[in-house]
Amino acid sequence: MSSIVAGPPEVEIYYPEGPPMPEGDLQTRRRMELVLALRDWFDRRGIEGAWVCCDINVYYREGDPRVVVAPDVAVAFGVDVAAVEGESTYKVWQAGAAPCFALEIASPNTVRTDLHVKPAKYAELGADEYWRLDPTGGELLGRPLEGERRLSGRWAPIEVVPDGDGLRGRSEVLGLDLCWRPPKLRLWDIASGAWLLDYDDQIARADEQAARADAETSARRAAEAELAELRARLGDSL
């Protein structure tokens, strides 16, 4: 994708797609679970301008493609959806808003970058919260879940506390609790007191709806057959 920087001479700037770093199946599964849960949640709540992006280059300084970060999962509000939908990169100046929430899913290839490079990038981007998930349960980061919130221009740790057999931390920008429930990270809606539906939940819900529809169809056919039989008997008795 490219953009034209205003002013003579015109210079075409190329903004590459990315990121090129391959990931394992474990990281991919956890990322897609979170993305599907968040997108479904925003859709059902009808929040306009909410945007969930994943594994995409986010450019946040127009004219300089070196200023880029590629979050595993990010959320932005106040987005011009028409400007970003279907695009292979996310340009903040076109989208109208920078992500306020970012989450990285650690892998052996990315853990050092997640710890030592990404915090500065997300601060420069203007994100309010930066979370890190270790899908191995702590082998890479030392613990499964940790988060930071920007306070007075610096990252401050978000309290992540034991919760049953897992951990729980609160995202103020999303209004959600991030809950490590091995082997997944689940999202809890504080306002409604319910889990966001992830992929498995959505499949189970679709199966239940299909089973309910089948049962209703069978009951209707049985009632129609019974009515037809009754009419036939009445006809014979006349």
# chains A, B, ... in the order shown; residues from 1 in each chain; ligands from 1
>>> select_by_dssp(residues="range 98-167 of chain A", states="strand (DSSP E or B)", output="ChimeraX atom specification")
/A:101-105,129-133,145-151,154-158,160-163,166-167
>>> write_last_selection(atoms="N, CA and C atoms", output="PDB file, in the first residue's frame")
ATOM      1  N   PHE A 101      -5.629  -0.293  23.136  1.00  0.00           N
ATOM      2  CA  PHE A 101      -5.354  -1.566  23.811  1.00  0.00           C
ATOM      3  C   PHE A 101      -4.517  -2.422  22.885  1.00  0.00           C
ATOM      4  N   ALA A 102      -3.441  -2.998  23.421  1.00  0.00           N
ATOM      5  CA  ALA A 102      -2.605  -3.902  22.628  1.00  0.00           C
ATOM      6  C   ALA A 102      -2.238  -5.109  23.478  1.00  0.00           C
ATOM      7  N   LEU A 103      -2.197  -6.267  22.829  1.00  0.00           N
ATOM      8  CA  LEU A 103      -1.823  -7.505  23.512  1.00  0.00           C
ATOM      9  C   LEU A 103      -0.897  -8.305  22.611  1.00  0.00           C
ATOM     10  N   GLU A 104       0.188  -8.786  23.203  1.00  0.00           N
ATOM     11  CA  GLU A 104       1.127  -9.650  22.496  1.00  0.00           C
ATOM     12  C   GLU A 104       1.073 -11.044  23.095  1.00  0.00           C
ATOM     13  N   ILE A 105       1.155 -12.041  22.228  1.00  0.00           N
ATOM     14  CA  ILE A 105       1.162 -13.444  22.645  1.00  0.00           C
ATOM     15  C   ILE A 105       2.577 -13.958  22.451  1.00  0.00           C
ATOM     16  N   GLU A 129      -3.057   0.748  27.286  1.00  0.00           N
ATOM     17  CA  GLU A 129      -2.734  -0.499  27.971  1.00  0.00           C
ATOM     18  C   GLU A 129      -1.948  -1.415  27.053  1.00  0.00           C
ATOM     19  N   TYR A 130      -1.004  -2.139  27.663  1.00  0.00           N
ATOM     20  CA  TYR A 130      -0.215  -3.128  26.925  1.00  0.00           C
ATOM     21  C   TYR A 130      -0.180  -4.405  27.751  1.00  0.00           C
ATOM     22  N   TRP A 131      -0.724  -5.477  27.180  1.00  0.00           N
ATOM     23  CA  TRP A 131      -0.798  -6.760  27.864  1.00  0.00           C
ATOM     24  C   TRP A 131       0.080  -7.784  27.163  1.00  0.00           C
ATOM     25  N   ARG A 132       0.555  -8.762  27.944  1.00  0.00           N
ATOM     26  CA  ARG A 132       1.344  -9.860  27.395  1.00  0.00           C
ATOM     27  C   ARG A 132       0.787 -11.183  27.927  1.00  0.00           C
ATOM     28  N   LEU A 133       0.556 -12.090  26.993  1.00  0.00           N
ATOM     29  CA  LEU A 133       0.047 -13.423  27.318  1.00  0.00           C
ATOM     30  C   LEU A 133       1.114 -14.451  26.992  1.00  0.00           C
ATOM     31  N   LEU A 145       0.169 -14.232  32.461  1.00  0.00           N
ATOM     32  CA  LEU A 145      -0.472 -12.977  32.065  1.00  0.00           C
ATOM     33  C   LEU A 145       0.122 -11.813  32.834  1.00  0.00           C
ATOM     34  N   GLU A 146       0.411 -10.730  32.131  1.00  0.00           N
ATOM     35  CA  GLU A 146       0.847  -9.498  32.775  1.00  0.00           C
ATOM     36  C   GLU A 146       0.429  -8.313  31.909  1.00  0.00           C
ATOM     37  N   GLY A 147       0.184  -7.190  32.563  1.00  0.00           N
ATOM     38  CA  GLY A 147      -0.259  -6.013  31.835  1.00  0.00           C
ATOM     39  C   GLY A 147       0.314  -4.747  32.422  1.00  0.00           C
ATOM     40  N   GLU A 148       0.318  -3.694  31.606  1.00  0.00           N
ATOM     41  CA  GLU A 148       0.800  -2.392  32.042  1.00  0.00           C
ATOM     42  C   GLU A 148      -0.151  -1.314  31.538  1.00  0.00           C
ATOM     43  N   ARG A 149      -0.280  -0.265  32.323  1.00  0.00           N
ATOM     44  CA  ARG A 149      -1.147   0.865  31.993  1.00  0.00           C
ATOM     45  C   ARG A 149      -0.300   2.135  32.010  1.00  0.00           C
ATOM     46  N   ARG A 150      -0.536   3.028  31.059  1.00  0.00           N
ATOM     47  CA  ARG A 150       0.248   4.261  31.002  1.00  0.00           C
ATOM     48  C   ARG A 150      -0.297   5.268  32.011  1.00  0.00           C
ATOM     49  N   LEU A 151       0.576   5.681  32.923  1.00  0.00           N
ATOM     50  CA  LEU A 151       0.253   6.676  33.923  1.00  0.00           C
ATOM     51  C   LEU A 151       1.352   7.736  33.930  1.00  0.00           C
ATOM     52  N   ARG A 154       4.321   6.999  31.760  1.00  0.00           N
ATOM     53  CA  ARG A 154       5.132   5.801  32.018  1.00  0.00           C
ATOM     54  C   ARG A 154       4.227   4.587  32.164  1.00  0.00           C
ATOM     55  N   TRP A 155       4.807   3.412  31.908  1.00  0.00           N
ATOM     56  CA  TRP A 155       4.073   2.172  32.081  1.00  0.00           C
ATOM     57  C   TRP A 155       4.089   1.775  33.554  1.00  0.00           C
ATOM     58  N   ALA A 156       2.904   1.504  34.091  1.00  0.00           N
ATOM     59  CA  ALA A 156       2.772   1.029  35.469  1.00  0.00           C
ATOM     60  C   ALA A 156       2.096  -0.334  35.446  1.00  0.00           C
ATOM     61  N   PRO A 157       2.543  -1.278  36.269  1.00  0.00           N
ATOM     62  CA  PRO A 157       1.961  -2.619  36.245  1.00  0.00           C
ATOM     63  C   PRO A 157       0.472  -2.609  36.590  1.00  0.00           C
ATOM     64  N   ILE A 158      -0.267  -3.429  35.887  1.00  0.00           N
ATOM     65  CA  ILE A 158      -1.666  -3.679  36.216  1.00  0.00           C
ATOM     66  C   ILE A 158      -1.721  -4.872  37.162  1.00  0.00           C
ATOM     67  N   VAL A 160      -2.537  -8.173  38.565  1.00  0.00           N
ATOM     68  CA  VAL A 160      -3.041  -9.461  38.081  1.00  0.00           C
ATOM     69  C   VAL A 160      -3.009 -10.412  39.268  1.00  0.00           C
ATOM     70  N   VAL A 161      -4.185 -10.900  39.670  1.00  0.00           N
ATOM     71  CA  VAL A 161      -4.297 -11.634  40.920  1.00  0.00           C
ATOM     72  C   VAL A 161      -4.744 -13.067  40.667  1.00  0.00           C
ATOM     73  N   PRO A 162      -4.408 -13.969  41.600  1.00  0.00           N
ATOM     74  CA  PRO A 162      -4.908 -15.334  41.476  1.00  0.00           C
ATOM     75  C   PRO A 162      -6.428 -15.354  41.483  1.00  0.00           C
ATOM     76  N   ASP A 163      -6.998 -16.237  40.671  1.00  0.00           N
ATOM     77  CA  ASP A 163      -8.445 -16.348  40.563  1.00  0.00           C
ATOM     78  C   ASP A 163      -8.774 -17.793  40.223  1.00  0.00           C
ATOM     79  N   GLY A 166      -6.556 -19.911  37.933  1.00  0.00           N
ATOM     80  CA  GLY A 166      -5.921 -19.044  36.947  1.00  0.00           C
ATOM     81  C   GLY A 166      -5.566 -17.691  37.512  1.00  0.00           C
ATOM     82  N   LEU A 167      -5.629 -16.670  36.649  1.00  0.00           N
ATOM     83  CA  LEU A 167      -5.295 -15.299  37.010  1.00  0.00           C
ATOM     84  C   LEU A 167      -6.333 -14.357  36.420  1.00  0.00           C
TER      85      LEU A 167
END
>>> residues_around(residues="range 85-95 of chain A", least_positions_apart="4", cutoff="6 Å", atoms="only C-alpha atoms", output="CSV table (one decimal) with N, CA, C and O atoms, in the first residue's frame")
chain,number,residue,atom,x,y,z
A,17,GLU,N,3.2,-4.6,3.9
A,17,GLU,CA,2.3,-5.5,4.7
A,17,GLU,C,3.2,-6.2,5.7
A,17,GLU,O,4.4,-6.3,5.5
A,56,ILE,N,-1.2,-7.3,12.0
A,56,ILE,CA,-1.1,-6.4,10.9
A,56,ILE,C,-0.2,-5.2,11.3
A,56,ILE,O,-0.1,-4.8,12.4
A,57,ASN,N,0.5,-4.7,10.3
A,57,ASN,CA,1.4,-3.6,10.5
A,57,ASN,C,0.6,-2.3,10.8
A,57,ASN,O,-0.3,-1.9,10.0
A,58,VAL,N,0.8,-1.7,11.9
A,58,VAL,CA,0.1,-0.4,12.3
A,58,VAL,C,1.2,0.7,12.1
A,58,VAL,O,2.2,0.7,12.8
A,59,TYR,N,0.9,1.6,11.2
A,59,TYR,CA,1.8,2.7,10.9
A,59,TYR,C,1.2,3.9,11.6
A,59,TYR,O,0.0,4.2,11.5
A,60,TYR,N,2.1,4.7,12.3
A,60,TYR,CA,1.5,5.8,13.1
A,60,TYR,C,2.3,7.1,12.9
A,60,TYR,O,2.1,8.0,13.7
A,79,VAL,N,-12.9,4.8,15.2
A,79,VAL,CA,-12.3,4.5,13.9
A,79,VAL,C,-13.2,4.8,12.7
A,79,VAL,O,-14.4,4.5,12.8
A,80,ASP,N,-12.7,5.3,11.6
A,80,ASP,CA,-13.4,5.4,10.4
A,80,ASP,C,-13.4,4.0,9.7
A,80,ASP,O,-12.4,3.7,9.0
A,81,VAL,N,-14.4,3.2,10.0
A,81,VAL,CA,-14.3,1.8,9.6
A,81,VAL,C,-14.2,1.7,8.1
A,81,VAL,O,-13.5,0.8,7.6
>>> residues_around(residues="Ala194 in chain A", least_positions_apart="5", cutoff="12 Å", atoms="only C-alpha atoms", output="PyMOL selection string")
chain A and resi 41+176-177+186-189
>>> write_last_selection(atoms="N, CA, C and O atoms", output="PDB file, in the first residue's frame")
ATOM      1  N   TRP A  41     -18.400  -9.484  20.410  1.00  0.00           N
ATOM      2  CA  TRP A  41     -18.870  -8.639  21.521  1.00  0.00           C
ATOM      3  C   TRP A  41     -19.219  -7.234  21.029  1.00  0.00           C
ATOM      4  O   TRP A  41     -20.284  -6.701  21.334  1.00  0.00           O
ATOM      5  N   LEU A 176     -13.315  -4.875  30.559  1.00  0.00           N
ATOM      6  CA  LEU A 176     -13.291  -6.332  30.608  1.00  0.00           C
ATOM      7  C   LEU A 176     -12.230  -6.810  31.594  1.00  0.00           C
ATOM      8  O   LEU A 176     -11.204  -6.147  31.790  1.00  0.00           O
ATOM      9  N   ASP A 177     -12.478  -7.969  32.180  1.00  0.00           N
ATOM     10  CA  ASP A 177     -11.433  -8.665  32.929  1.00  0.00           C
ATOM     11  C   ASP A 177     -10.768  -9.667  32.002  1.00  0.00           C
ATOM     12  O   ASP A 177     -11.456 -10.417  31.285  1.00  0.00           O
ATOM     13  N   ARG A 186      -9.582 -15.977  28.725  1.00  0.00           N
ATOM     14  CA  ARG A 186     -10.989 -15.654  28.559  1.00  0.00           C
ATOM     15  C   ARG A 186     -11.226 -14.188  28.906  1.00  0.00           C
ATOM     16  O   ARG A 186     -10.474 -13.593  29.677  1.00  0.00           O
ATOM     17  N   LEU A 187     -12.308 -13.633  28.372  1.00  0.00           N
ATOM     18  CA  LEU A 187     -12.659 -12.236  28.592  1.00  0.00           C
ATOM     19  C   LEU A 187     -14.011 -12.165  29.285  1.00  0.00           C
ATOM     20  O   LEU A 187     -14.989 -12.738  28.811  1.00  0.00           O
ATOM     21  N   TRP A 188     -14.043 -11.425  30.408  1.00  0.00           N
ATOM     22  CA  TRP A 188     -15.240 -11.324  31.230  1.00  0.00           C
ATOM     23  C   TRP A 188     -15.802  -9.913  31.151  1.00  0.00           C
ATOM     24  O   TRP A 188     -15.104  -8.937  31.419  1.00  0.00           O
ATOM     25  N   ASP A 189     -17.074  -9.807  30.740  1.00  0.00           N
ATOM     26  CA  ASP A 189     -17.744  -8.513  30.640  1.00  0.00           C
ATOM     27  C   ASP A 189     -18.163  -8.068  32.039  1.00  0.00           C
ATOM     28  O   ASP A 189     -19.053  -8.671  32.650  1.00  0.00           O
TER      29      ASP A 189
END
>>> select_by_dssp(residues="range 77-156 of chain A", states="helix (DSSP H, G or I)", output="list of chain:residue names")
A:Val81, A:Ala82, A:Ala83, A:Val84, A:Val92, A:Trp93, A:Gln94, A:Ala95, A:Val111, A:Arg112, A:Thr113, A:Asp114, A:Leu115, A:His116, A:Lys118, A:Pro119, A:Ala120, A:Lys121, A:Tyr122, A:Ala123, A:Glu124, A:Leu125
>>> write_last_selection(atoms="N, CA, C and O atoms", output="JSON list (two decimals), in the first residue's frame")
[["chain", "number", "residue", "atom", "x", "y", "z"],
["A", 81, "VAL", "N", -14.36, 3.22, 9.98],
["A", 81, "VAL", "CA", -14.35, 1.82, 9.56],
["A", 81, "VAL", "C", -14.19, 1.69, 8.05],
["A", 81, "VAL", "O", -13.47, 0.81, 7.56],
["A", 82, "ALA", "N", -14.82, 2.57, 7.30],
["A", 82, "ALA", "CA", -14.73, 2.50, 5.84],
["A", 82, "ALA", "C", -13.30, 2.68, 5.35],
["A", 82, "ALA", "O", -12.92, 2.17, 4.30],
["A", 83, "ALA", "N", -12.48, 3.38, 6.12],
["A", 83, "ALA", "CA", -11.11, 3.65, 5.71],
["A", 83, "ALA", "C", -10.17, 2.48, 6.00],
["A", 83, "ALA", "O", -9.09, 2.40, 5.41],
["A", 84, "VAL", "N", -10.56, 1.57, 6.88],
["A", 84, "VAL", "CA", -9.65, 0.48, 7.27],
["A", 84, "VAL", "C", -10.16, -0.89, 6.87],
["A", 84, "VAL", "O", -9.38, -1.84, 6.79],
["A", 92, "VAL", "N", -2.80, 5.00, 11.06],
["A", 92, "VAL", "CA", -3.53, 5.74, 12.08],
["A", 92, "VAL", "C", -4.14, 7.02, 11.53],
["A", 92, "VAL", "O", -5.27, 7.38, 11.85],
["A", 93, "TRP", "N", -3.41, 7.71, 10.65],
["A", 93, "TRP", "CA", -3.91, 8.98, 10.12],
["A", 93, "TRP", "C", -5.11, 8.79, 9.19],
["A", 93, "TRP", "O", -5.89, 9.71, 9.00],
["A", 94, "GLN", "N", -5.26, 7.60, 8.63],
["A", 94, "GLN", "CA", -6.44, 7.31, 7.81],
["A", 94, "GLN", "C", -7.58, 6.76, 8.67],
["A", 94, "GLN", "O", -8.75, 7.08, 8.45],
["A", 95, "ALA", "N", -7.21, 5.92, 9.63],
["A", 95, "ALA", "CA", -8.23, 5.30, 10.49],
["A", 95, "ALA", "C", -8.90, 6.33, 11.39],
["A", 95, "ALA", "O", -10.08, 6.18, 11.74],
["A", 111, "VAL", "N", 9.53, -13.20, 22.26],
["A", 111, "VAL", "CA", 9.42, -12.82, 23.66],
["A", 111, "VAL", "C", 10.35, -11.66, 24.03],
["A", 111, "VAL", "O", 9.95, -10.74, 24.78],
["A", 112, "ARG", "N", 11.56, -11.61, 23.50],
["A", 112, "ARG", "CA", 12.47, -10.51, 23.83],
["A", 112, "ARG", "C", 11.95, -9.19, 23.26],
["A", 112, "ARG", "O", 12.01, -8.15, 23.93],
["A", 113, "THR", "N", 11.43, -9.24, 22.05],
["A", 113, "THR", "CA", 10.85, -8.03, 21.46],
["A", 113, "THR", "C", 9.63, -7.58, 22.25],
["A", 113, "THR", "O", 9.44, -6.38, 22.50],
["A", 114, "ASP", "N", 8.80, -8.53, 22.67],
["A", 114, "ASP", "CA", 7.60, -8.19, 23.44],
["A", 114, "ASP", "C", 7.97, -7.48, 24.74],
["A", 114, "ASP", "O", 7.28, -6.55, 25.17],
["A", 115, "LEU", "N", 9.07, -7.89, 25.35],
["A", 115, "LEU", "CA", 9.47, -7.35, 26.64],
["A", 115, "LEU", "C", 10.27, -6.05, 26.53],
["A", 115, "LEU", "O", 10.11, -5.15, 27.35],
["A", 116, "HIS", "N", 11.14, -5.95, 25.53],
["A", 116, "HIS", "CA", 12.13, -4.88, 25.51],
["A", 116, "HIS", "C", 11.97, -3.86, 24.38],
["A", 116, "HIS", "O", 12.58, -2.79, 24.44],
["A", 118, "LYS", "N", 8.60, -3.61, 22.30],
["A", 118, "LYS", "CA", 7.20, -3.22, 22.11],
["A", 118, "LYS", "C", 6.70, -2.18, 23.13],
["A", 118, "LYS", "O", 5.89, -1.31, 22.76],
["A", 119, "PRO", "N", 7.14, -2.19, 24.41],
["A", 119, "PRO", "CA", 6.62, -1.18, 25.33],
["A", 119, "PRO", "C", 6.87, 0.26, 24.84],
["A", 119, "PRO", "O", 5.96, 1.10, 24.91],
["A", 120, "ALA", "N", 8.04, 0.53, 24.34],
["A", 120, "ALA", "CA", 8.34, 1.87, 23.84],
["A", 120, "ALA", "C", 7.51, 2.20, 22.60],
["A", 120, "ALA", "O", 7.04, 3.34, 22.44],
["A", 121, "LYS", "N", 7.33, 1.23, 21.74],
["A", 121, "LYS", "CA", 6.53, 1.45, 20.54],
["A", 121, "LYS", "C", 5.08, 1.76, 20.89],
["A", 121, "LYS", "O", 4.46, 2.67, 20.31],
["A", 122, "TYR", "N", 4.52, 1.00, 21.82],
["A", 122, "TYR", "CA", 3.12, 1.23, 22.17],
["A", 122, "TYR", "C", 2.94, 2.55, 22.92],
["A", 122, "TYR", "O", 1.89, 3.19, 22.81],
["A", 123, "ALA", "N", 3.94, 2.94, 23.68],
["A", 123, "ALA", "CA", 3.88, 4.26, 24.32],
["A", 123, "ALA", "C", 3.90, 5.36, 23.26],
["A", 123, "ALA", "O", 3.13, 6.33, 23.35],
["A", 124, "GLU", "N", 4.77, 5.23, 22.27],
["A", 124, "GLU", "CA", 4.84, 6.21, 21.20],
["A", 124, "GLU", "C", 3.55, 6.22, 20.37],
["A", 124, "GLU", "O", 3.09, 7.29, 19.93],
["A", 125, "LEU", "N", 2.97, 5.06, 20.17],
["A", 125, "LEU", "CA", 1.71, 4.95, 19.45],
["A", 125, "LEU", "C", 0.57, 5.66, 20.19],
["A", 125, "LEU", "O", -0.35, 6.18, 19.57]]
>>> residues_around(residues="Cys100 in chain A", least_positions_apart="4", cutoff="7 Å", atoms="only C-alpha atoms", output="list in words")
Val75, Ala76, Gly126, Ala127, Asp128 and Glu129 of chain A
>>> closest_residue(among="A:Asp40, A:Tyr15, A:Arg143, A:Asp25", to="Asp198 in chain A", atoms="only C-alpha atoms")
A:Asp40
